[in-house]
$ cat structure_16.cif   # mmCIF, C-alpha atoms and all ligand atoms
data_start
loop_
_atom_site.group_PDB
_atom_site.id
_atom_site.type_symbol
_atom_site.label_atom_id
_atom_site.label_comp_id
_atom_site.auth_asym_id
_atom_site.auth_seq_id
_atom_site.Cartn_x
_atom_site.Cartn_y
_atom_site.Cartn_z
ATOM 1 C CA MET A 1 43.564 -13.530 112.420
ATOM 2 C CA ASP A 2 40.812 -11.218 113.587
ATOM 3 C CA ARG A 3 42.725 -8.040 112.869
ATOM 4 C CA ALA A 4 43.555 -8.955 109.277
ATOM 5 C CA SER A 5 40.371 -7.418 107.923
ATOM 6 C CA ASP A 6 41.004 -4.170 109.820
ATOM 7 C CA TYR A 7 44.342 -4.070 108.267
ATOM 8 C CA GLU A 8 43.167 -4.666 104.797
ATOM 9 C CA SER A 9 40.986 -1.603 104.868
ATOM 10 C CA GLU A 10 43.738 0.401 106.497
ATOM 11 C CA GLY A 11 46.199 -0.759 103.847
ATOM 12 C CA GLN A 12 43.879 0.376 101.112
ATOM 13 C CA ARG A 13 43.298 3.676 102.812
ATOM 14 C CA PHE A 14 46.999 4.152 103.038
ATOM 15 C CA ALA A 15 47.763 3.113 99.496
ATOM 16 C CA GLU A 16 45.181 5.599 98.278
ATOM 17 C CA GLY A 17 46.574 8.249 100.600
ATOM 18 C CA VAL A 18 49.981 8.278 98.968
ATOM 19 C CA ASP A 19 50.056 9.964 95.612
ATOM 20 C CA PRO A 20 52.127 7.788 93.233
ATOM 21 C CA ALA A 21 53.843 10.922 91.935
ATOM 22 C CA GLU A 22 54.759 11.929 95.469
ATOM 23 C CA ARG A 23 56.014 8.417 96.053
ATOM 24 C CA LEU A 24 58.441 8.776 93.175
ATOM 25 C CA THR A 25 59.831 12.043 94.470
ATOM 26 C CA MET A 26 60.254 10.848 98.045
ATOM 27 C CA ASP A 27 63.810 9.834 98.635
ATOM 28 C CA GLY A 28 64.620 6.598 100.405
ATOM 29 C CA LYS A 29 65.095 8.216 103.789
ATOM 30 C CA HIS A 30 61.715 9.949 103.794
ATOM 31 C CA TRP A 31 60.091 6.843 102.475
ATOM 32 C CA ASP A 32 61.490 4.799 105.359
ATOM 33 C CA GLU A 33 60.479 7.429 107.913
ATOM 34 C CA HIS A 34 57.014 7.434 106.459
ATOM 35 C CA TRP A 35 56.484 3.691 106.857
ATOM 36 C CA MET A 36 58.109 3.733 110.272
ATOM 37 C CA GLY A 37 55.316 6.108 111.254
ATOM 38 C CA LEU A 38 52.845 3.289 110.676
ATOM 39 C CA ALA A 39 54.968 0.893 112.707
ATOM 40 C CA LEU A 40 54.941 3.496 115.496
ATOM 41 C CA GLU A 41 51.142 3.601 115.313
ATOM 42 C CA GLU A 42 51.165 -0.162 115.764
ATOM 43 C CA ALA A 43 53.439 0.216 118.781
ATOM 44 C CA ALA A 44 50.962 2.694 120.279
ATOM 45 C CA ARG A 45 48.186 0.133 119.864
ATOM 46 C CA ALA A 46 50.279 -2.402 121.753
ATOM 47 C CA ALA A 47 50.774 0.074 124.609
ATOM 48 C CA GLN A 48 47.035 0.749 124.768
ATOM 49 C CA ALA A 49 46.493 -2.988 125.125
ATOM 50 C CA GLY A 50 49.076 -3.227 127.897
ATOM 51 C CA GLU A 51 51.556 -5.050 125.683
ATOM 52 C CA VAL A 52 55.200 -4.092 125.273
ATOM 53 C CA PRO A 53 54.967 -1.345 122.627
ATOM 54 C CA VAL A 54 56.710 -2.692 119.576
ATOM 55 C CA GLY A 55 55.147 -2.368 116.132
ATOM 56 C CA ALA A 56 55.935 -3.627 112.648
ATOM 57 C CA VAL A 57 54.667 -3.316 109.078
ATOM 58 C CA VAL A 58 55.491 -5.155 105.865
ATOM 59 C CA VAL A 59 55.682 -3.206 102.617
ATOM 60 C CA LEU A 60 55.918 -4.665 99.128
ATOM 61 C CA ASP A 61 56.148 -2.653 95.909
ATOM 62 C CA GLY A 62 55.224 0.543 97.717
ATOM 63 C CA ARG A 63 52.109 -0.990 99.239
ATOM 64 C CA LEU A 64 51.346 -1.833 102.837
ATOM 65 C CA LEU A 65 50.756 -5.584 103.022
ATOM 66 C CA ALA A 66 50.115 -5.856 106.736
ATOM 67 C CA GLY A 67 51.108 -4.671 110.157
ATOM 68 C CA GLY A 68 51.087 -5.944 113.671
ATOM 69 C CA HIS A 69 52.092 -5.264 117.214
ATOM 70 C CA ASN A 70 53.141 -7.291 120.205
ATOM 71 C CA ALA A 71 50.255 -9.427 121.417
ATOM 72 C CA SER A 72 51.935 -12.100 123.513
ATOM 73 C CA ILE A 73 49.879 -11.415 126.645
ATOM 74 C CA ALA A 74 46.496 -11.244 124.912
ATOM 75 C CA HIS A 75 47.148 -14.296 122.739
ATOM 76 C CA HIS A 76 48.968 -16.340 125.405
ATOM 77 C CA ASP A 77 51.624 -16.709 122.758
ATOM 78 C CA PRO A 78 55.340 -16.246 123.341
ATOM 79 C CA THR A 79 55.838 -15.971 119.575
ATOM 80 C CA ALA A 80 53.354 -13.106 119.083
ATOM 81 C CA HIS A 81 56.017 -10.460 118.590
ATOM 82 C CA ALA A 82 55.104 -7.539 116.341
ATOM 83 C CA GLU A 83 57.321 -8.743 113.506
ATOM 84 C CA ILE A 84 55.896 -12.285 113.560
ATOM 85 C CA VAL A 85 52.325 -10.990 113.669
ATOM 86 C CA ALA A 86 53.056 -8.660 110.738
ATOM 87 C CA LEU A 87 54.905 -11.288 108.676
ATOM 88 C CA ARG A 88 52.096 -13.819 109.176
ATOM 89 C CA ALA A 89 49.432 -11.343 108.121
ATOM 90 C CA ALA A 90 51.543 -10.176 105.167
ATOM 91 C CA ALA A 91 52.043 -13.742 103.923
ATOM 92 C CA GLN A 92 48.285 -14.310 104.149
ATOM 93 C CA GLU A 93 47.681 -11.106 102.229
ATOM 94 C CA ALA A 94 50.245 -12.068 99.581
ATOM 95 C CA GLY A 95 49.016 -15.656 99.404
ATOM 96 C CA ASN A 96 52.625 -16.758 99.652
ATOM 97 C CA TYR A 97 54.873 -17.798 102.506
ATOM 98 C CA ARG A 98 57.764 -16.112 100.718
ATOM 99 C CA LEU A 99 57.741 -12.342 100.860
ATOM 100 C CA THR A 100 60.456 -11.905 98.268
ATOM 101 C CA GLY A 101 61.324 -8.268 97.722
ATOM 102 C CA ALA A 102 59.402 -7.066 100.774
ATOM 103 C CA THR A 103 60.639 -4.684 103.441
ATOM 104 C CA LEU A 104 59.921 -5.265 107.115
ATOM 105 C CA TYR A 105 59.758 -2.136 109.263
ATOM 106 C CA ALA A 106 60.086 -2.670 113.013
ATOM 107 C CA THR A 107 60.289 -0.064 115.754
ATOM 108 C CA ILE A 108 62.892 -2.049 117.707
ATOM 109 C CA GLU A 109 65.785 -4.242 116.595
ATOM 110 C CA PRO A 110 64.297 -7.710 116.083
ATOM 111 C CA CYS A 111 65.169 -10.631 118.356
ATOM 112 C CA ALA A 112 66.606 -13.963 117.205
ATOM 113 C CA MET A 113 63.162 -15.465 116.621
ATOM 114 C CA CYS A 114 62.001 -12.551 114.497
ATOM 115 C CA CYS A 115 65.245 -12.422 112.496
ATOM 116 C CA GLY A 116 64.742 -16.139 111.870
ATOM 117 C CA ALA A 117 61.229 -15.511 110.601
ATOM 118 C CA ALA A 118 62.467 -12.677 108.369
ATOM 119 C CA LEU A 119 65.043 -15.030 106.850
ATOM 120 C CA HIS A 120 62.445 -17.773 106.289
ATOM 121 C CA ALA A 121 60.166 -15.224 104.622
ATOM 122 C CA ARG A 122 63.080 -14.163 102.374
ATOM 123 C CA ILE A 123 62.393 -10.495 102.924
ATOM 124 C CA ALA A 124 64.786 -8.240 101.055
ATOM 125 C CA ARG A 125 65.177 -5.481 103.639
ATOM 126 C CA LEU A 126 64.746 -4.782 107.299
ATOM 127 C CA VAL A 127 64.393 -1.215 108.544
ATOM 128 C CA TYR A 128 64.301 -0.727 112.277
ATOM 129 C CA GLY A 129 64.292 2.095 114.783
ATOM 130 C CA ALA A 130 66.066 1.642 118.089
ATOM 131 C CA ASP A 131 68.697 -0.931 118.945
ATOM 132 C CA ASP A 132 67.856 -3.534 121.578
ATOM 133 C CA ALA A 133 70.956 -4.146 123.638
ATOM 134 C CA LYS A 134 69.268 -6.974 125.543
ATOM 135 C CA ALA A 135 67.808 -9.078 122.754
ATOM 136 C CA GLY A 136 68.650 -7.536 119.367
ATOM 137 C CA ALA A 137 69.852 -10.140 116.909
ATOM 138 C CA VAL A 138 70.706 -7.858 113.988
ATOM 139 C CA ARG A 139 73.835 -6.297 115.445
ATOM 140 C CA SER A 140 73.541 -5.932 119.231
ATOM 141 C CA LEU A 141 73.771 -9.524 120.484
ATOM 142 C CA HIS A 142 74.007 -11.479 117.234
ATOM 143 C CA ARG A 143 74.330 -10.701 113.545
ATOM 144 C CA LEU A 144 71.869 -13.176 112.114
ATOM 145 C CA LEU A 145 70.890 -11.254 108.995
ATOM 146 C CA ASP A 146 74.336 -11.056 107.464
ATOM 147 C CA ASP A 147 75.698 -14.421 108.486
ATOM 148 C CA PRO A 148 77.644 -15.626 105.426
ATOM 149 C CA ARG A 149 76.815 -19.239 106.300
ATOM 150 C CA LEU A 150 73.125 -18.695 105.549
ATOM 151 C CA ASN A 151 71.774 -18.799 102.014
ATOM 152 C CA HIS A 152 69.805 -15.588 102.370
ATOM 153 C CA ARG A 153 70.946 -12.136 103.370
ATOM 154 C CA VAL A 154 68.760 -9.236 104.434
ATOM 155 C CA GLU A 155 69.774 -5.642 103.761
ATOM 156 C CA VAL A 156 69.500 -3.637 106.978
ATOM 157 C CA THR A 157 68.874 0.029 107.702
ATOM 158 C CA ALA A 158 68.991 0.831 111.418
ATOM 159 C CA GLY A 159 68.199 3.961 113.395
ATOM 160 C CA VAL A 160 65.148 5.218 111.489
ATOM 161 C CA ARG A 161 63.155 7.449 113.913
ATOM 162 C CA ALA A 162 65.156 5.671 116.601
ATOM 163 C CA GLU A 163 64.436 8.229 119.303
ATOM 164 C CA GLU A 164 60.658 7.982 118.959
ATOM 165 C CA CYS A 165 60.803 4.204 118.738
ATOM 166 C CA GLY A 166 62.977 3.910 121.846
ATOM 167 C CA ALA A 167 60.950 6.505 123.765
ATOM 168 C CA ARG A 168 57.741 4.579 123.198
ATOM 169 C CA LEU A 169 59.328 1.642 124.952
ATOM 170 C CA SER A 170 61.047 3.514 127.776
ATOM 171 C CA ASP A 171 57.910 5.600 128.505
ATOM 172 C CA PHE A 172 55.912 2.415 128.768
ATOM 173 C CA PHE A 173 58.283 0.794 131.245
ATOM 174 C CA ARG A 174 58.665 4.005 133.240
ATOM 175 C CA ALA A 175 54.879 4.259 133.621
ATOM 176 C CA LYS A 176 54.725 0.656 134.807
ATOM 177 C CA ARG A 177 57.199 1.210 137.616
ATOM 178 C CA PRO A 178 55.797 1.944 141.084
ATOM 179 C CA GLY A 179 55.225 5.684 141.370
ATOM 180 C CA GLY A 180 55.018 5.723 137.535
ATOM 181 C CA GLY A 181 56.447 8.704 135.779
ATOM 182 C CA SER A 182 59.076 9.780 138.291
ATOM 183 C CA PRO A 183 62.629 8.677 137.619
HETATM 184 ZN ZN ZN B 1 61.008 -10.834 118.277
#

$ encode --input "structure_16.cif" --output "structure tokens" --more "lines below"
Ligand SMILES: [Zn+2]
Amino acid sequence: MDRASDYESEGQRFAEGVDPAERLTMDGKHWDEHWMGLALEEAARAAQAGEVPVGAVVVLDGRLLAGGHNASIAHHDPTAHAEIVALRAAAQEAGNYRLTGATLYATIEPCAMCCGAALHARIARLVYGADDAKAGAVRSLHRLLDDPRLNHRVEVTAGVRAEECGARLSDFFRAKRPGGGSP
């Protein structure tokens, strides 16, 4: 993936940017908001590219493994959702198709496909921003991540920086409508 190398350097920059001592004193909520900020940056990149602005990052042991944003139009790929792009790059980075113990941050509630990928990757936690009433498969349309019939469960934290995450999406669609900007 051509962006993997970009990400590697960004990941290192980020890992260096967070003081380990500060990391220890950050509580879980601030920690999640912090990483969601990177997912929001990914969403902004998607918007710049004319893609639906959803972003995702994968974090393992306090380190950014990889990130990604929607790229379905550019890649002619219906599966190129932010979460899939990020999980693929993270698995490459980890050298393992299992991302045991990892946390996936996504700006919007993942769809059925992305929840499926998260389960296959065995991620420990999903943190997302805004609910997706139309396609969300965590709690809006389906509850795939806590289905007792599956052999893996993902811990979920929803609503992290939800307003910003949702606004990124609604601003994008508003601007695309004829007469863009006016309600
Ligand atoms: Zn998806």

$ residues_near_ligand --input "structure_16.cif" --ligand "ligand ZN 1 (chain B)" --cutoff "10 Å" --atoms "all atoms listed in the file" --output "list of chain:residue names"
A:Val54, A:Asn70, A:Pro78, A:Thr79, A:Ala80, A:His81, A:Ala82, A:Glu83, A:Ile84, A:Val85, A:Ala106, A:Ile108, A:Glu109, A:Pro110, A:Cys111, A:Ala112, A:Met113, A:Cys114, A:Cys115, A:Gly116, A:Ala117, A:Ala135, A:Gly136, A:Ala137

$ closest_residue --input "structure_16.cif" --among "A:Ala46, A:Gly62, A:Thr107, A:Ala118" --to "Glu164 of chain A" --atoms "only C-alpha atoms"
A:Thr107

$ resolve_selection --input "structure_16.cif" --expression "the PyMOL selection byres (((chain A and resi 32) around 10) and not hetatm)" --output "list in words"
Met26, Asp27, Gly28, Lys29, His30, Trp31, Glu33, His34, Trp35, Met36, Gly37, Thr103, Tyr105, Val127, Tyr128, Thr157, Val160 and Arg161 of chain A

$ closest_residue --input "structure_16.cif" --among "A:Gln92, A:Gln48, A:Ser72, A:Ser170" --to "Asp132 of chain A" --atoms "all atoms listed in the file"
A:Ser170

$ axis_aligned_box --input "structure_16.cif" --around "segment 68-80 of chain A" --padding-each-side "6 Å" --output "JSON"
{"center_x": 51.2, "center_y": -11.0, "center_z": 120.2, "size_x": 21.3, "size_y": 23.4, "size_z": 25.0}

$ atom_distance --input "structure_16.cif" --atom1 "atom CA of Gly101 of chain A" --atom2 "atom CA of Cys165 of chain A"
24.4 Å

$ atom_distance --input "structure_16.cif" --atom1 "atom CA of Arg45 of chain A" --atom2 "atom CA of Ala158 of chain A"
22.5 Å

$ build_atoms --input "structure_16.cif" --residues "segment 73-108 of chain A" --atoms "N, CA and C atoms" --output "PDB file, in the frame of the given file"
ATOM      1  N   ILE A  73      50.700 -11.252 125.444  1.00  0.00           N
ATOM      2  CA  ILE A  73      49.879 -11.415 126.645  1.00  0.00           C
ATOM      3  C   ILE A  73      48.454 -11.786 126.239  1.00  0.00           C
ATOM      4  N   ALA A  74      47.887 -11.019 125.325  1.00  0.00           N
ATOM      5  CA  ALA A  74      46.496 -11.244 124.912  1.00  0.00           C
ATOM      6  C   ALA A  74      46.316 -12.615 124.265  1.00  0.00           C
ATOM      7  N   HIS A  75      47.295 -13.028 123.470  1.00  0.00           N
ATOM      8  CA  HIS A  75      47.148 -14.296 122.739  1.00  0.00           C
ATOM      9  C   HIS A  75      47.737 -15.482 123.482  1.00  0.00           C
ATOM     10  N   HIS A  76      48.265 -15.265 124.685  1.00  0.00           N
ATOM     11  CA  HIS A  76      48.968 -16.340 125.405  1.00  0.00           C
ATOM     12  C   HIS A  76      49.952 -17.010 124.465  1.00  0.00           C
ATOM     13  N   ASP A  77      50.772 -16.186 123.823  1.00  0.00           N
ATOM     14  CA  ASP A  77      51.624 -16.709 122.758  1.00  0.00           C
ATOM     15  C   ASP A  77      53.004 -16.056 122.814  1.00  0.00           C
ATOM     16  N   PRO A  78      53.996 -16.823 123.249  1.00  0.00           N
ATOM     17  CA  PRO A  78      55.340 -16.246 123.341  1.00  0.00           C
ATOM     18  C   PRO A  78      55.917 -15.837 121.987  1.00  0.00           C
ATOM     19  N   THR A  79      55.315 -16.332 120.902  1.00  0.00           N
ATOM     20  CA  THR A  79      55.838 -15.971 119.575  1.00  0.00           C
ATOM     21  C   THR A  79      55.119 -14.765 118.970  1.00  0.00           C
ATOM     22  N   ALA A  80      54.147 -14.205 119.673  1.00  0.00           N
ATOM     23  CA  ALA A  80      53.354 -13.106 119.083  1.00  0.00           C
ATOM     24  C   ALA A  80      54.064 -11.759 119.180  1.00  0.00           C
ATOM     25  N   HIS A  81      55.289 -11.727 118.699  1.00  0.00           N
ATOM     26  CA  HIS A  81      56.017 -10.460 118.590  1.00  0.00           C
ATOM     27  C   HIS A  81      55.473  -9.699 117.382  1.00  0.00           C
ATOM     28  N   ALA A  82      55.634  -8.387 117.413  1.00  0.00           N
ATOM     29  CA  ALA A  82      55.104  -7.539 116.341  1.00  0.00           C
ATOM     30  C   ALA A  82      55.532  -8.023 114.953  1.00  0.00           C
ATOM     31  N   GLU A  83      56.803  -8.362 114.824  1.00  0.00           N
ATOM     32  CA  GLU A  83      57.321  -8.743 113.506  1.00  0.00           C
ATOM     33  C   GLU A  83      56.678 -10.046 113.015  1.00  0.00           C
ATOM     34  N   ILE A  84      56.510 -11.001 113.935  1.00  0.00           N
ATOM     35  CA  ILE A  84      55.896 -12.285 113.560  1.00  0.00           C
ATOM     36  C   ILE A  84      54.440 -12.059 113.161  1.00  0.00           C
ATOM     37  N   VAL A  85      53.735 -11.273 113.964  1.00  0.00           N
ATOM     38  CA  VAL A  85      52.325 -10.990 113.669  1.00  0.00           C
ATOM     39  C   VAL A  85      52.216 -10.336 112.282  1.00  0.00           C
ATOM     40  N   ALA A  86      53.102  -9.370 112.018  1.00  0.00           N
ATOM     41  CA  ALA A  86      53.056  -8.660 110.738  1.00  0.00           C
ATOM     42  C   ALA A  86      53.448  -9.572 109.573  1.00  0.00           C
ATOM     43  N   LEU A  87      54.482 -10.386 109.757  1.00  0.00           N
ATOM     44  CA  LEU A  87      54.905 -11.288 108.676  1.00  0.00           C
ATOM     45  C   LEU A  87      53.819 -12.317 108.362  1.00  0.00           C
ATOM     46  N   ARG A  88      53.169 -12.841 109.414  1.00  0.00           N
ATOM     47  CA  ARG A  88      52.096 -13.819 109.176  1.00  0.00           C
ATOM     48  C   ARG A  88      50.963 -13.190 108.382  1.00  0.00           C
ATOM     49  N   ALA A  89      50.552 -12.008 108.802  1.00  0.00           N
ATOM     50  CA  ALA A  89      49.432 -11.343 108.121  1.00  0.00           C
ATOM     51  C   ALA A  89      49.828 -10.965 106.694  1.00  0.00           C
ATOM     52  N   ALA A  90      51.076 -10.564 106.504  1.00  0.00           N
ATOM     53  CA  ALA A  90      51.543 -10.176 105.167  1.00  0.00           C
ATOM     54  C   ALA A  90      51.560 -11.381 104.232  1.00  0.00           C
ATOM     55  N   ALA A  91      51.994 -12.529 104.742  1.00  0.00           N
ATOM     56  CA  ALA A  91      52.043 -13.742 103.923  1.00  0.00           C
ATOM     57  C   ALA A  91      50.628 -14.177 103.538  1.00  0.00           C
ATOM     58  N   GLN A  92      49.689 -14.011 104.473  1.00  0.00           N
ATOM     59  CA  GLN A  92      48.285 -14.310 104.149  1.00  0.00           C
ATOM     60  C   GLN A  92      47.802 -13.384 103.045  1.00  0.00           C
ATOM     61  N   GLU A  93      48.114 -12.114 103.199  1.00  0.00           N
ATOM     62  CA  GLU A  93      47.681 -11.106 102.229  1.00  0.00           C
ATOM     63  C   GLU A  93      48.287 -11.394 100.844  1.00  0.00           C
ATOM     64  N   ALA A  94      49.554 -11.793 100.847  1.00  0.00           N
ATOM     65  CA  ALA A  94      50.245 -12.068  99.581  1.00  0.00           C
ATOM     66  C   ALA A  94      49.869 -13.428  99.008  1.00  0.00           C
ATOM     67  N   GLY A  95      49.314 -14.300  99.853  1.00  0.00           N
ATOM     68  CA  GLY A  95      49.016 -15.656  99.404  1.00  0.00           C
ATOM     69  C   GLY A  95      50.280 -16.440  99.124  1.00  0.00           C
ATOM     70  N   ASN A  96      51.331 -16.131  99.900  1.00  0.00           N
ATOM     71  CA  ASN A  96      52.625 -16.758  99.652  1.00  0.00           C
ATOM     72  C   ASN A  96      53.447 -16.700 100.934  1.00  0.00           C
ATOM     73  N   TYR A  97      54.058 -17.824 101.288  1.00  0.00           N
ATOM     74  CA  TYR A  97      54.873 -17.798 102.506  1.00  0.00           C
ATOM     75  C   TYR A  97      56.219 -17.119 102.282  1.00  0.00           C
ATOM     76  N   ARG A  98      56.568 -16.884 101.031  1.00  0.00           N
ATOM     77  CA  ARG A  98      57.764 -16.112 100.718  1.00  0.00           C
ATOM     78  C   ARG A  98      57.351 -14.672 100.442  1.00  0.00           C
ATOM     79  N   LEU A  99      58.043 -13.762 101.078  1.00  0.00           N
ATOM     80  CA  LEU A  99      57.741 -12.342 100.860  1.00  0.00           C
ATOM     81  C   LEU A  99      58.922 -11.709 100.129  1.00  0.00           C
ATOM     82  N   THR A 100      59.297 -12.339  99.041  1.00  0.00           N
ATOM     83  CA  THR A 100      60.456 -11.905  98.268  1.00  0.00           C
ATOM     84  C   THR A 100      60.318 -10.442  97.834  1.00  0.00           C
ATOM     85  N   GLY A 101      61.338  -9.675  98.128  1.00  0.00           N
ATOM     86  CA  GLY A 101      61.324  -8.268  97.722  1.00  0.00           C
ATOM     87  C   GLY A 101      60.679  -7.344  98.735  1.00  0.00           C
ATOM     88  N   ALA A 102      60.110  -7.901  99.796  1.00  0.00           N
ATOM     89  CA  ALA A 102      59.402  -7.066 100.774  1.00  0.00           C
ATOM     90  C   ALA A 102      60.369  -6.422 101.766  1.00  0.00           C
ATOM     91  N   THR A 103      59.899  -5.342 102.367  1.00  0.00           N
ATOM     92  CA  THR A 103      60.639  -4.684 103.441  1.00  0.00           C
ATOM     93  C   THR A 103      59.844  -4.802 104.730  1.00  0.00           C
ATOM     94  N   LEU A 104      60.527  -5.207 105.789  1.00  0.00           N
ATOM     95  CA  LEU A 104      59.921  -5.265 107.115  1.00  0.00           C
ATOM     96  C   LEU A 104      60.393  -4.050 107.903  1.00  0.00           C
ATOM     97  N   TYR A 105      59.448  -3.267 108.400  1.00  0.00           N
ATOM     98  CA  TYR A 105      59.758  -2.136 109.263  1.00  0.00           C
ATOM     99  C   TYR A 105      59.413  -2.526 110.684  1.00  0.00           C
ATOM    100  N   ALA A 106      60.342  -2.336 111.612  1.00  0.00           N
ATOM    101  CA  ALA A 106      60.086  -2.670 113.013  1.00  0.00           C
ATOM    102  C   ALA A 106      60.617  -1.531 113.876  1.00  0.00           C
ATOM    103  N   THR A 107      59.878  -1.210 114.939  1.00  0.00           N
ATOM    104  CA  THR A 107      60.289  -0.064 115.754  1.00  0.00           C
ATOM    105  C   THR A 107      61.551  -0.363 116.563  1.00  0.00           C
ATOM    106  N   ILE A 108      61.744  -1.649 116.891  1.00  0.00           N
ATOM    107  CA  ILE A 108      62.892  -2.049 117.707  1.00  0.00           C
ATOM    108  C   ILE A 108      63.662  -3.160 116.982  1.00  0.00           C
TER     109      ILE A 108
END
